[in-house]
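Text of coords.txt, listed as compact mmCIF, C-alpha atoms:
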```
# COMPACT_ATOMS: atom_id res chain seq x y z
CA MET A 16 121.48 80.92 101.41
CA SER A 17 117.84 80.41 100.65
CA THR A 18 115.96 83.57 101.44
CA ASP A 19 112.40 82.52 100.73
CA PHE A 20 112.03 79.79 103.23
CA HIS A 21 108.84 79.97 105.30
CA PRO A 22 109.22 77.09 107.71
CA GLY A 23 106.01 77.78 109.64
CA PRO A 24 105.64 77.66 113.41
CA ALA A 25 108.80 76.59 115.19
CA THR A 26 108.53 73.65 117.52
CA THR A 27 112.01 73.59 119.01
CA ALA A 28 114.56 76.14 120.15
CA ASP A 29 116.76 75.27 117.16
CA GLU A 30 113.91 75.85 114.72
CA ALA A 31 113.06 79.12 116.41
CA THR A 32 116.67 80.27 116.03
CA SER A 33 116.63 79.18 112.40
CA THR A 34 113.51 81.18 111.55
CA PHE A 35 115.03 84.23 113.22
CA PHE A 36 118.04 84.12 110.89
CA TYR A 37 115.90 83.61 107.74
CA PRO A 38 113.33 86.43 107.56
CA PRO A 39 111.60 86.81 104.16
CA GLY A 40 114.18 88.24 101.76
CA GLY A 41 117.15 87.33 103.91
CA LEU A 42 118.83 88.60 107.06
CA LEU A 43 121.08 91.14 105.35
CA ILE A 44 118.28 93.08 103.66
CA TRP A 45 116.41 93.20 106.99
CA ILE A 46 119.44 94.70 108.69
CA VAL A 47 119.47 97.33 105.93
CA ILE A 48 115.72 97.89 106.33
CA LEU A 49 115.98 98.35 110.10
CA LEU A 50 118.85 100.83 109.70
CA GLU A 51 116.87 102.76 107.07
CA LEU A 52 113.77 102.81 109.28
CA LEU A 53 115.91 104.05 112.17
CA THR A 54 117.29 106.85 109.98
CA PHE A 55 113.87 107.91 108.73
CA GLY A 56 112.47 107.49 112.25
CA LEU A 57 114.95 110.02 113.56
CA GLY A 58 113.83 112.37 110.79
CA PHE A 59 110.19 111.89 111.83
CA LEU A 60 111.01 112.60 115.48
CA GLY A 61 113.01 115.69 114.46
CA PHE A 62 110.03 116.88 112.42
CA ALA A 63 107.64 116.36 115.33
CA MET A 64 109.97 118.09 117.78
CA ALA A 65 110.84 121.07 115.53
CA GLU A 66 110.75 124.34 117.44
CA ASP A 67 108.06 125.91 115.27
CA ALA A 68 106.00 122.76 114.67
CA GLY A 69 102.34 123.71 114.80
CA SER A 70 103.01 127.45 114.45
CA PRO A 71 100.86 129.47 112.03
CA ALA A 72 103.77 129.64 109.55
CA TRP A 73 104.21 125.85 109.82
CA LEU A 74 100.50 125.20 109.23
CA ALA A 75 100.42 127.66 106.31
CA ALA A 76 103.38 125.85 104.75
CA ARG A 77 101.63 122.49 105.15
CA ALA A 78 98.42 123.92 103.65
CA SER A 79 100.36 124.90 100.52
CA LEU A 80 101.15 121.27 99.72
CA ASP A 81 99.18 119.44 97.03
CA VAL A 82 97.20 116.82 99.01
CA PRO A 83 95.31 115.27 96.03
CA LEU A 84 98.59 114.78 94.14
CA ALA A 85 100.22 113.20 97.20
CA THR A 86 97.17 110.96 97.72
CA VAL A 87 97.38 109.73 94.14
CA ASN A 88 101.10 109.14 94.60
CA THR A 89 100.43 107.15 97.77
CA VAL A 90 97.97 104.90 95.93
CA ILE A 91 100.51 104.46 93.12
CA LEU A 92 103.22 103.41 95.58
CA LEU A 93 100.88 101.01 97.43
CA THR A 94 99.81 99.49 94.09
CA SER A 95 103.44 99.00 93.13
CA GLY A 96 103.88 97.20 96.45
CA LEU A 97 101.02 94.86 95.54
CA ALA A 98 102.58 94.27 92.10
CA VAL A 99 105.94 93.35 93.66
CA ALA A 100 104.29 91.00 96.16
CA LEU A 101 102.33 89.31 93.35
CA GLY A 102 105.58 89.04 91.37
CA VAL A 103 107.28 87.26 94.27
CA ALA A 104 104.27 84.94 94.67
CA ALA A 105 104.39 84.14 90.94
CA TRP A 106 108.13 83.43 91.13
CA GLN A 107 107.55 81.07 94.05
CA ARG A 108 104.97 79.24 91.91
CA ASP A 109 107.52 78.97 89.11
CA ARG A 110 105.47 81.27 86.87
CA ARG A 111 108.42 83.26 85.69
CA ALA A 112 106.75 85.19 82.84
CA THR A 113 104.04 86.40 85.24
CA ALA A 114 106.68 87.33 87.80
CA ILE A 115 108.52 89.40 85.19
CA ARG A 116 105.31 91.20 84.18
CA TRP A 117 104.42 92.10 87.78
CA THR A 118 107.98 93.23 88.47
CA LEU A 119 108.04 95.48 85.41
CA ALA A 120 104.60 96.83 86.37
CA ALA A 121 105.96 97.71 89.82
CA ALA A 122 108.96 99.46 88.26
CA GLY A 123 106.63 101.38 85.94
CA LEU A 124 104.52 102.52 88.88
CA GLY A 125 107.75 103.57 90.61
CA VAL A 126 108.57 105.72 87.58
CA ALA A 127 105.05 107.23 87.74
CA PHE A 128 105.57 108.04 91.45
CA THR A 129 108.87 109.70 90.59
CA ALA A 130 107.33 111.71 87.74
CA LEU A 131 104.54 113.05 89.97
CA LYS A 132 107.10 113.88 92.66
CA VAL A 133 109.10 115.88 90.12
CA VAL A 134 105.93 117.75 89.08
CA GLU A 135 105.34 118.58 92.75
CA TYR A 136 108.96 119.67 93.29
CA VAL A 137 108.93 121.94 90.24
CA ALA A 138 105.70 123.62 91.40
CA LYS A 139 107.14 124.23 94.87
CA TRP A 140 110.46 125.46 93.52
CA ASP A 141 108.78 127.85 91.07
CA ALA A 142 106.69 129.23 93.96
CA GLY A 143 109.86 130.03 95.88
CA LEU A 144 109.23 127.23 98.39
CA GLY A 145 112.65 125.62 98.34
CA PRO A 146 114.45 123.93 101.25
CA ALA A 147 115.37 127.34 102.71
CA ALA A 148 111.75 128.57 102.83
CA GLY A 149 111.36 127.87 106.52
CA SER A 150 111.70 124.92 108.86
CA PHE A 151 108.73 122.98 107.45
CA PHE A 152 110.05 123.06 103.90
CA GLY A 153 113.50 122.06 105.14
CA PHE A 154 111.96 118.85 106.48
CA TYR A 155 109.68 118.48 103.44
CA TRP A 156 112.54 118.58 100.95
CA GLY A 157 114.97 116.61 103.07
CA LEU A 158 112.64 113.75 103.96
CA THR A 159 110.87 113.42 100.59
CA ALA A 160 114.08 113.72 98.57
CA PHE A 161 115.81 111.07 100.72
CA HIS A 162 112.76 108.84 100.24
CA LEU A 163 112.79 109.49 96.49
CA LEU A 164 116.45 108.40 96.34
CA HIS A 165 115.36 105.06 97.82
CA VAL A 166 112.54 104.78 95.28
CA LEU A 167 115.02 105.39 92.44
CA ALA A 168 117.36 102.74 93.88
CA GLY A 169 114.36 100.41 94.17
CA ILE A 170 113.41 100.94 90.51
CA VAL A 171 116.95 99.98 89.46
CA MET A 172 116.75 96.87 91.67
CA LEU A 173 113.36 95.89 90.19
CA LEU A 174 114.67 96.24 86.63
CA TRP A 175 117.72 94.18 87.58
CA MET A 176 115.41 91.57 89.09
CA ALA A 177 113.26 91.40 85.93
CA ARG A 178 116.42 90.93 83.87
CA ARG A 179 117.68 88.15 86.14
CA LEU A 180 114.31 86.40 85.97
CA ARG A 181 114.82 86.01 82.21
CA SER A 182 118.03 84.00 82.68
CA PRO A 183 117.88 80.16 82.58
CA ALA A 184 118.71 79.65 86.27
CA PRO A 185 118.01 82.91 88.03
CA PHE A 186 119.19 83.30 91.62
CA ALA A 187 120.64 79.77 91.71
CA HIS A 188 123.74 80.95 93.56
CA ASP A 189 122.63 84.36 94.78
CA ALA A 190 121.89 85.48 98.29
CA ALA A 191 119.60 88.12 96.73
CA THR A 192 116.31 86.80 95.33
CA PRO A 193 113.08 88.51 94.22
CA ALA A 194 112.00 88.51 97.86
CA THR A 195 115.11 90.51 98.75
CA THR A 196 114.38 93.18 96.16
CA ALA A 197 110.71 93.15 97.16
CA ALA A 198 111.61 93.72 100.81
CA PHE A 199 113.63 96.81 99.84
CA TRP A 200 110.77 98.09 97.69
CA HIS A 201 108.22 97.57 100.48
CA MET A 202 110.49 99.56 102.79
CA CYS A 203 109.76 102.58 100.55
CA ASP A 204 106.06 101.95 101.24
CA LEU A 205 106.69 101.67 104.98
CA VAL A 206 108.45 105.03 105.10
CA TRP A 207 105.88 106.75 102.89
CA VAL A 208 102.85 105.69 104.98
CA PHE A 209 104.27 107.84 107.80
CA LEU A 210 105.63 110.64 105.60
CA PHE A 211 102.25 111.18 103.93
CA PRO A 212 100.20 112.06 107.06
CA LEU A 213 103.08 113.83 108.81
CA LEU A 214 103.84 116.20 105.93
CA TYR A 215 100.59 116.53 104.01
CA LEU A 216 97.73 115.90 106.45
CA GLY A 217 96.87 116.69 110.04
CA GLN A 218 96.37 119.96 111.81
CA MET B 13 111.95 77.71 91.63
CA SER B 14 114.23 77.39 94.61
CA ALA B 15 114.34 73.83 95.86
CA SER B 16 113.77 74.94 99.43
CA THR B 17 110.72 77.05 98.64
CA PRO B 18 107.60 75.38 100.01
CA THR B 19 104.25 75.91 98.36
CA GLN B 20 102.38 76.88 101.51
CA ALA B 21 103.10 80.57 101.07
CA VAL B 22 102.08 80.80 97.42
CA SER B 23 98.58 79.34 97.38
CA PRO B 24 95.71 81.24 95.74
CA ALA B 25 94.59 82.17 99.25
CA TRP B 26 97.87 83.98 99.74
CA THR B 27 97.25 85.97 96.56
CA ARG B 28 93.80 86.88 97.85
CA HIS B 29 95.38 88.10 101.09
CA LEU B 30 97.62 90.40 99.09
CA VAL B 31 94.69 91.91 97.18
CA ILE B 32 92.56 92.29 100.32
CA ALA B 33 95.46 94.02 102.09
CA TRP B 34 95.89 96.38 99.12
CA VAL B 35 92.16 97.26 99.13
CA LEU B 36 92.38 98.05 102.84
CA LEU B 37 95.53 100.13 102.35
CA VAL B 38 93.97 102.17 99.54
CA ALA B 39 90.71 102.66 101.49
CA LEU B 40 92.63 103.92 104.53
CA THR B 41 94.69 106.21 102.30
CA LEU B 42 91.62 107.72 100.63
CA ALA B 43 89.97 108.22 104.03
CA GLY B 44 93.02 110.07 105.37
CA PRO B 45 92.45 113.54 103.89
CA ALA B 46 88.91 113.60 105.35
CA LEU B 47 90.24 113.08 108.88
CA GLY B 48 91.41 116.08 110.85
CA SER B 49 92.99 114.57 113.91
CA THR B 50 96.76 114.09 113.72
CA GLY B 51 96.54 111.30 116.30
CA LEU B 52 93.97 109.40 114.23
CA LEU B 53 96.00 109.89 111.06
CA LEU B 54 99.11 108.51 112.74
CA ALA B 55 97.16 105.56 114.16
CA ILE B 56 95.97 104.76 110.63
CA ALA B 57 99.56 105.11 109.40
CA GLY B 58 100.58 102.57 112.04
CA VAL B 59 97.89 100.15 110.84
CA LYS B 60 99.00 100.57 107.20
CA PHE B 61 102.64 100.09 108.22
CA THR B 62 101.76 96.85 110.03
CA LEU B 63 99.64 95.58 107.11
CA ILE B 64 102.50 96.12 104.66
CA GLY B 65 104.95 94.42 107.00
CA LEU B 66 102.85 91.38 107.81
CA VAL B 67 101.19 90.77 104.44
CA PHE B 68 103.28 92.33 101.64
CA MET B 69 106.64 91.62 103.33
CA GLU B 70 105.43 88.18 104.54
CA LEU B 71 106.56 88.83 108.10
CA ARG B 72 103.63 86.80 109.36
CA HIS B 73 105.73 83.77 108.36
CA ALA B 74 108.81 85.08 110.13
CA HIS B 75 110.13 84.77 113.66
CA VAL B 76 108.04 86.68 116.19
CA LEU B 77 110.95 89.02 116.98
CA TRP B 78 110.83 90.48 113.46
CA ARG B 79 107.12 91.18 113.88
CA VAL B 80 107.73 92.75 117.29
CA LEU B 81 110.50 94.96 115.87
CA LEU B 82 108.32 96.20 113.01
CA VAL B 83 105.13 96.76 114.99
CA GLY B 84 107.17 98.28 117.84
CA PHE B 85 108.70 100.79 115.45
CA ALA B 86 105.27 101.76 114.09
CA LEU B 87 103.82 102.15 117.58
CA PHE B 88 106.77 104.21 118.83
CA VAL B 89 106.83 106.61 115.87
CA ALA B 90 103.04 107.02 115.79
CA ALA B 91 102.77 107.60 119.55
CA PHE B 92 105.78 109.92 119.76
CA CYS B 93 104.68 112.09 116.82
CA ALA B 94 101.05 112.18 118.01
CA ILE B 95 102.17 113.42 121.43
CA ALA B 96 104.73 115.89 120.09
CA LEU B 97 102.59 117.44 117.36
```

Structure translated into structure tokens:
Amino acid sequence: MSTDFHPGPATTADEATSTFFYPPGGLLIWIVILLELLTFGLGFLGFAMAEDAGSPAWLAARASLDVPLATVNTVILLTSGLAVALGVAAWQRDRRATAIRWTLAAAGLGVAFTALKVVEYVAKWDAGLGPAAGSFFGFYWGLTAFHLLHVLAGIVMLLWMARRLRSPAPFAHDAATPATTAAFWHMCDLVWVFLFPLLYLGQ
Amino acid sequence: MSASTPTQAVSPAWTRHLVIAWVLLVALTLAGPALGSTGLLLAIAGVKFTLIGLVFMELRHAHVLWRVLLVGFALFVAAFCAIAL
């Protein structure tokens, strides 16, 4: 199954059906992405509907978070998304060495995101602000740790993709291509762009 | 390169789109902490979500239903959270 086919505007019902079954990266990864977004979406709704959301204790907990660190981490994650997208574009142009470099850069930025997240976690833990330190921190730890698990899985996928790109005929018989891995990695971006304002910003 | 991969999606213009989208995403991110309104922050999050989906994930080349699903999700989450918070 080719997963990087961009057929352009459909002109017939058959073509329209075909483009539906071949989203960028492949249908299977998009089913995974939609299920993941649904899961995180339920977490976001639970956060917004929490009984003490907006209470003084809730706002004090939010104010204790490190906004500059989270902002830097957001930029790092977005930059890794750009690197992955450029890697896919390079692969589509048959510039394999460039694709490998962008992919490894994205993985490196993912490691940087993880490292800063660990720094943040250690600071919160040392301050006694673990998952049991109130409703807000329950959501903070649960949502960010679940997101971090996806980032770690994404880093492994990116490294696997870079390794496959070195082989003589990468992805010749695979359903999974660089666009598949990229779609998963961008899903981490999608989730984070809502997590960042919900947890760290706002009033 | 895959035999079925056309070149229309990998032109230099497409690369420029990626960089322009990234600049917009970073600018919106850096503006976020200066904004106080939760509703505005969530609206910006929705815009960033849509930009990533359409440009980075190449959904602008996909069937309209995929775009509707993604943008619909962003709108629903942003609106629900803005009302609830």

task: For the point (103.2, 115.1, 114.7) in the file's frame, write as JSON, numbers by chain all residues with an atom no more than 10 Å away, counting only C-alpha atoms.
output: {"A": [59, 60, 61, 62, 63, 64, 65, 68, 69, 212, 213, 214, 216, 217, 218], "B": [50, 51, 53, 54, 89, 90, 91, 92, 93, 94, 95, 96, 97]}

- prompt: Which chain B residues are at most 7 Å from chain A (counting all atoms listed in the file), as a PyMOL selection string?
  reply: chain B and resi 13+16-17+22+27+30+34+38+45+48-50+53-54+57+60-61+64+68-71+73-75+89+93+96-97

message: My list of candidates is B:Ala33, B:Val76, B:Leu40, B:Ala46. Which is closest to Gly58 in chain B when distances are computed with all atoms listed in the file?
response: B:Leu40

query: Which distance in Å separates CA of Leu42 in chain A and CA of Arg181 in chain A, to one decimal?
result: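 Those two atoms sit 25.3 Å apart.
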
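Between CA of Thr196 in chain A and CA of Ala168 in chain A lies a distance of 10.3 Å.
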
query: Pick the closest to Val59 in chain B from B:Val31, B:Leu77, B:Leu42, B:Val83: which is it, counting only C-alpha atoms?
result: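 Among the listed residues, B:Val83 lies closest to Val59 in chain B.
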
Exercise: Ser79 in chain A partners within 10 Å, all atoms listed in the file, chain neighbours under 5 positions left out, as an mmCIF file with C-alpha atoms, in the frame of the given file:
```cif
data_model
loop_
_atom_site.group_PDB
_atom_site.id
_atom_site.type_symbol
_atom_site.label_atom_id
_atom_site.label_comp_id
_atom_site.auth_asym_id
_atom_site.auth_seq_id
_atom_site.Cartn_x
_atom_site.Cartn_y
_atom_site.Cartn_z
ATOM 1 C CA LEU A 74 100.500 125.200 109.230
ATOM 2 C CA LYS A 139 107.140 124.230 94.870
ATOM 3 C CA LEU A 144 109.230 127.230 98.390
ATOM 4 C CA TYR A 215 100.590 116.530 104.010
#
```

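Of note, CA of Ser150 in chain A and CA of Asp67 in chain A are spaced 7.4 Å apart.
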
Contacts of Arg79 in chain B at 9 Å or less, counting all atoms listed in the file, minus same-chain residues fewer than 5 places along, as a PDB file with C-alpha atoms, keeping the file's coordinate frame?
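Result file is part_23.pdb:
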```
ATOM      1  CA  THR B  62     101.760  96.850 110.030  1.00  0.00           C
ATOM      2  CA  GLY B  65     104.950  94.420 107.000  1.00  0.00           C
ATOM      3  CA  LEU B  66     102.850  91.380 107.810  1.00  0.00           C
ATOM      4  CA  LEU B  71     106.560  88.830 108.100  1.00  0.00           C
ATOM      5  CA  ARG B  72     103.630  86.800 109.360  1.00  0.00           C
ATOM      6  CA  ALA B  74     108.810  85.080 110.130  1.00  0.00           C
ATOM      7  CA  GLY B  84     107.170  98.280 117.840  1.00  0.00           C
TER       8      GLY B  84
END
```

Could you pull chain B out of the structure I just pasted and write it to a file containing C-alpha atoms, as an mmCIF file, in the first residue's frame?
```cif
data_model
loop_
_atom_site.group_PDB
_atom_site.id
_atom_site.type_symbol
_atom_site.label_atom_id
_atom_site.label_comp_id
_atom_site.auth_asym_id
_atom_site.auth_seq_id
_atom_site.Cartn_x
_atom_site.Cartn_y
_atom_site.Cartn_z
ATOM 1 C CA MET B 13 11.523 6.947 -3.984
ATOM 2 C CA SER B 14 8.173 5.229 -4.145
ATOM 3 C CA ALA B 15 7.032 4.810 -7.719
ATOM 4 C CA SER B 16 3.599 6.190 -6.913
ATOM 5 C CA THR B 17 4.896 9.336 -5.221
ATOM 6 C CA PRO B 18 4.203 12.357 -7.408
ATOM 7 C CA THR B 19 6.447 15.382 -7.275
ATOM 8 C CA GLN B 20 3.694 17.937 -6.771
ATOM 9 C CA ALA B 21 3.866 17.717 -2.991
ATOM 10 C CA VAL B 22 7.637 18.074 -2.702
ATOM 11 C CA SER B 23 8.390 21.234 -4.649
ATOM 12 C CA PRO B 24 10.499 24.011 -3.091
ATOM 13 C CA ALA B 25 7.237 25.893 -2.544
ATOM 14 C CA TRP B 26 6.074 23.078 -0.313
ATOM 15 C CA THR B 27 9.256 23.393 1.756
ATOM 16 C CA ARG B 28 8.622 27.121 2.077
ATOM 17 C CA HIS B 29 5.102 26.377 3.314
ATOM 18 C CA LEU B 30 6.573 24.184 6.028
ATOM 19 C CA VAL B 31 8.956 26.906 7.213
ATOM 20 C CA ILE B 32 6.273 29.612 7.090
ATOM 21 C CA ALA B 33 3.930 27.390 9.121
ATOM 22 C CA TRP B 34 6.697 26.787 11.683
ATOM 23 C CA VAL B 35 7.375 30.542 12.018
ATOM 24 C CA LEU B 36 3.663 31.137 12.612
ATOM 25 C CA LEU B 37 3.477 28.313 15.146
ATOM 26 C CA VAL B 38 6.475 29.618 17.104
ATOM 27 C CA ALA B 39 5.168 33.215 16.995
ATOM 28 C CA LEU B 40 1.783 32.113 18.339
ATOM 29 C CA THR B 41 3.509 30.047 21.032
ATOM 30 C CA LEU B 42 5.688 32.950 22.178
ATOM 31 C CA ALA B 43 2.655 35.262 22.237
ATOM 32 C CA GLY B 44 0.702 32.837 24.426
ATOM 33 C CA PRO B 45 2.155 33.650 27.859
ATOM 34 C CA ALA B 46 1.401 37.358 27.311
ATOM 35 C CA LEU B 47 -2.298 36.646 26.791
ATOM 36 C CA GLY B 48 -4.544 36.330 29.807
ATOM 37 C CA SER B 49 -7.807 35.129 28.367
ATOM 38 C CA THR B 50 -8.326 31.368 28.446
ATOM 39 C CA GLY B 51 -10.730 31.626 25.511
ATOM 40 C CA LEU B 52 -8.158 33.444 23.380
ATOM 41 C CA LEU B 53 -5.444 30.967 24.343
ATOM 42 C CA LEU B 54 -7.651 28.047 23.339
ATOM 43 C CA ALA B 55 -8.581 29.748 20.059
ATOM 44 C CA ILE B 56 -4.871 30.124 19.304
ATOM 45 C CA ALA B 57 -4.357 26.469 20.240
ATOM 46 C CA GLY B 58 -7.066 25.576 17.723
ATOM 47 C CA VAL B 59 -5.302 27.597 15.012
ATOM 48 C CA LYS B 60 -1.961 25.908 15.803
ATOM 49 C CA PHE B 61 -3.637 22.488 15.793
ATOM 50 C CA THR B 62 -5.145 23.183 12.364
ATOM 51 C CA LEU B 63 -1.840 24.497 10.968
ATOM 52 C CA ILE B 64 -0.002 21.354 12.069
ATOM 53 C CA GLY B 65 -2.718 19.151 10.602
ATOM 54 C CA LEU B 66 -3.022 20.872 7.244
ATOM 55 C CA VAL B 67 0.627 21.763 6.602
ATOM 56 C CA PHE B 68 2.922 19.460 8.613
ATOM 57 C CA MET B 69 0.644 16.403 8.295
ATOM 58 C CA GLU B 70 -0.211 17.266 4.656
ATOM 59 C CA LEU B 71 -3.941 16.930 5.249
ATOM 60 C CA ARG B 72 -4.553 19.692 2.743
ATOM 61 C CA HIS B 73 -3.885 17.013 0.118
ATOM 62 C CA ALA B 74 -6.248 14.543 1.758
ATOM 63 C CA HIS B 75 -9.952 13.870 1.439
ATOM 64 C CA VAL B 76 -12.089 16.662 2.873
ATOM 65 C CA LEU B 77 -13.494 14.341 5.553
ATOM 66 C CA TRP B 78 -10.066 14.028 7.188
ATOM 67 C CA ARG B 79 -9.789 17.818 7.320
ATOM 68 C CA VAL B 80 -13.295 18.101 8.754
ATOM 69 C CA LEU B 81 -12.494 15.490 11.427
ATOM 70 C CA LEU B 82 -9.315 17.262 12.494
ATOM 71 C CA VAL B 83 -10.663 20.810 12.473
ATOM 72 C CA GLY B 84 -13.897 19.594 14.100
ATOM 73 C CA PHE B 85 -11.921 18.048 16.942
ATOM 74 C CA ALA B 86 -9.951 21.274 17.485
ATOM 75 C CA LEU B 87 -13.114 23.391 17.450
ATOM 76 C CA PHE B 88 -14.960 21.077 19.841
ATOM 77 C CA VAL B 89 -12.142 20.835 22.395
ATOM 78 C CA ALA B 90 -11.355 24.565 22.259
ATOM 79 C CA ALA B 91 -15.005 25.613 22.566
ATOM 80 C CA PHE B 92 -15.863 23.090 25.287
ATOM 81 C CA CYS B 93 -12.833 23.940 27.436
ATOM 82 C CA ALA B 94 -13.303 27.696 26.932
ATOM 83 C CA ILE B 95 -16.913 27.440 28.116
ATOM 84 C CA ALA B 96 -16.165 25.081 31.006
ATOM 85 C CA LEU B 97 -13.117 26.891 32.387
#
```
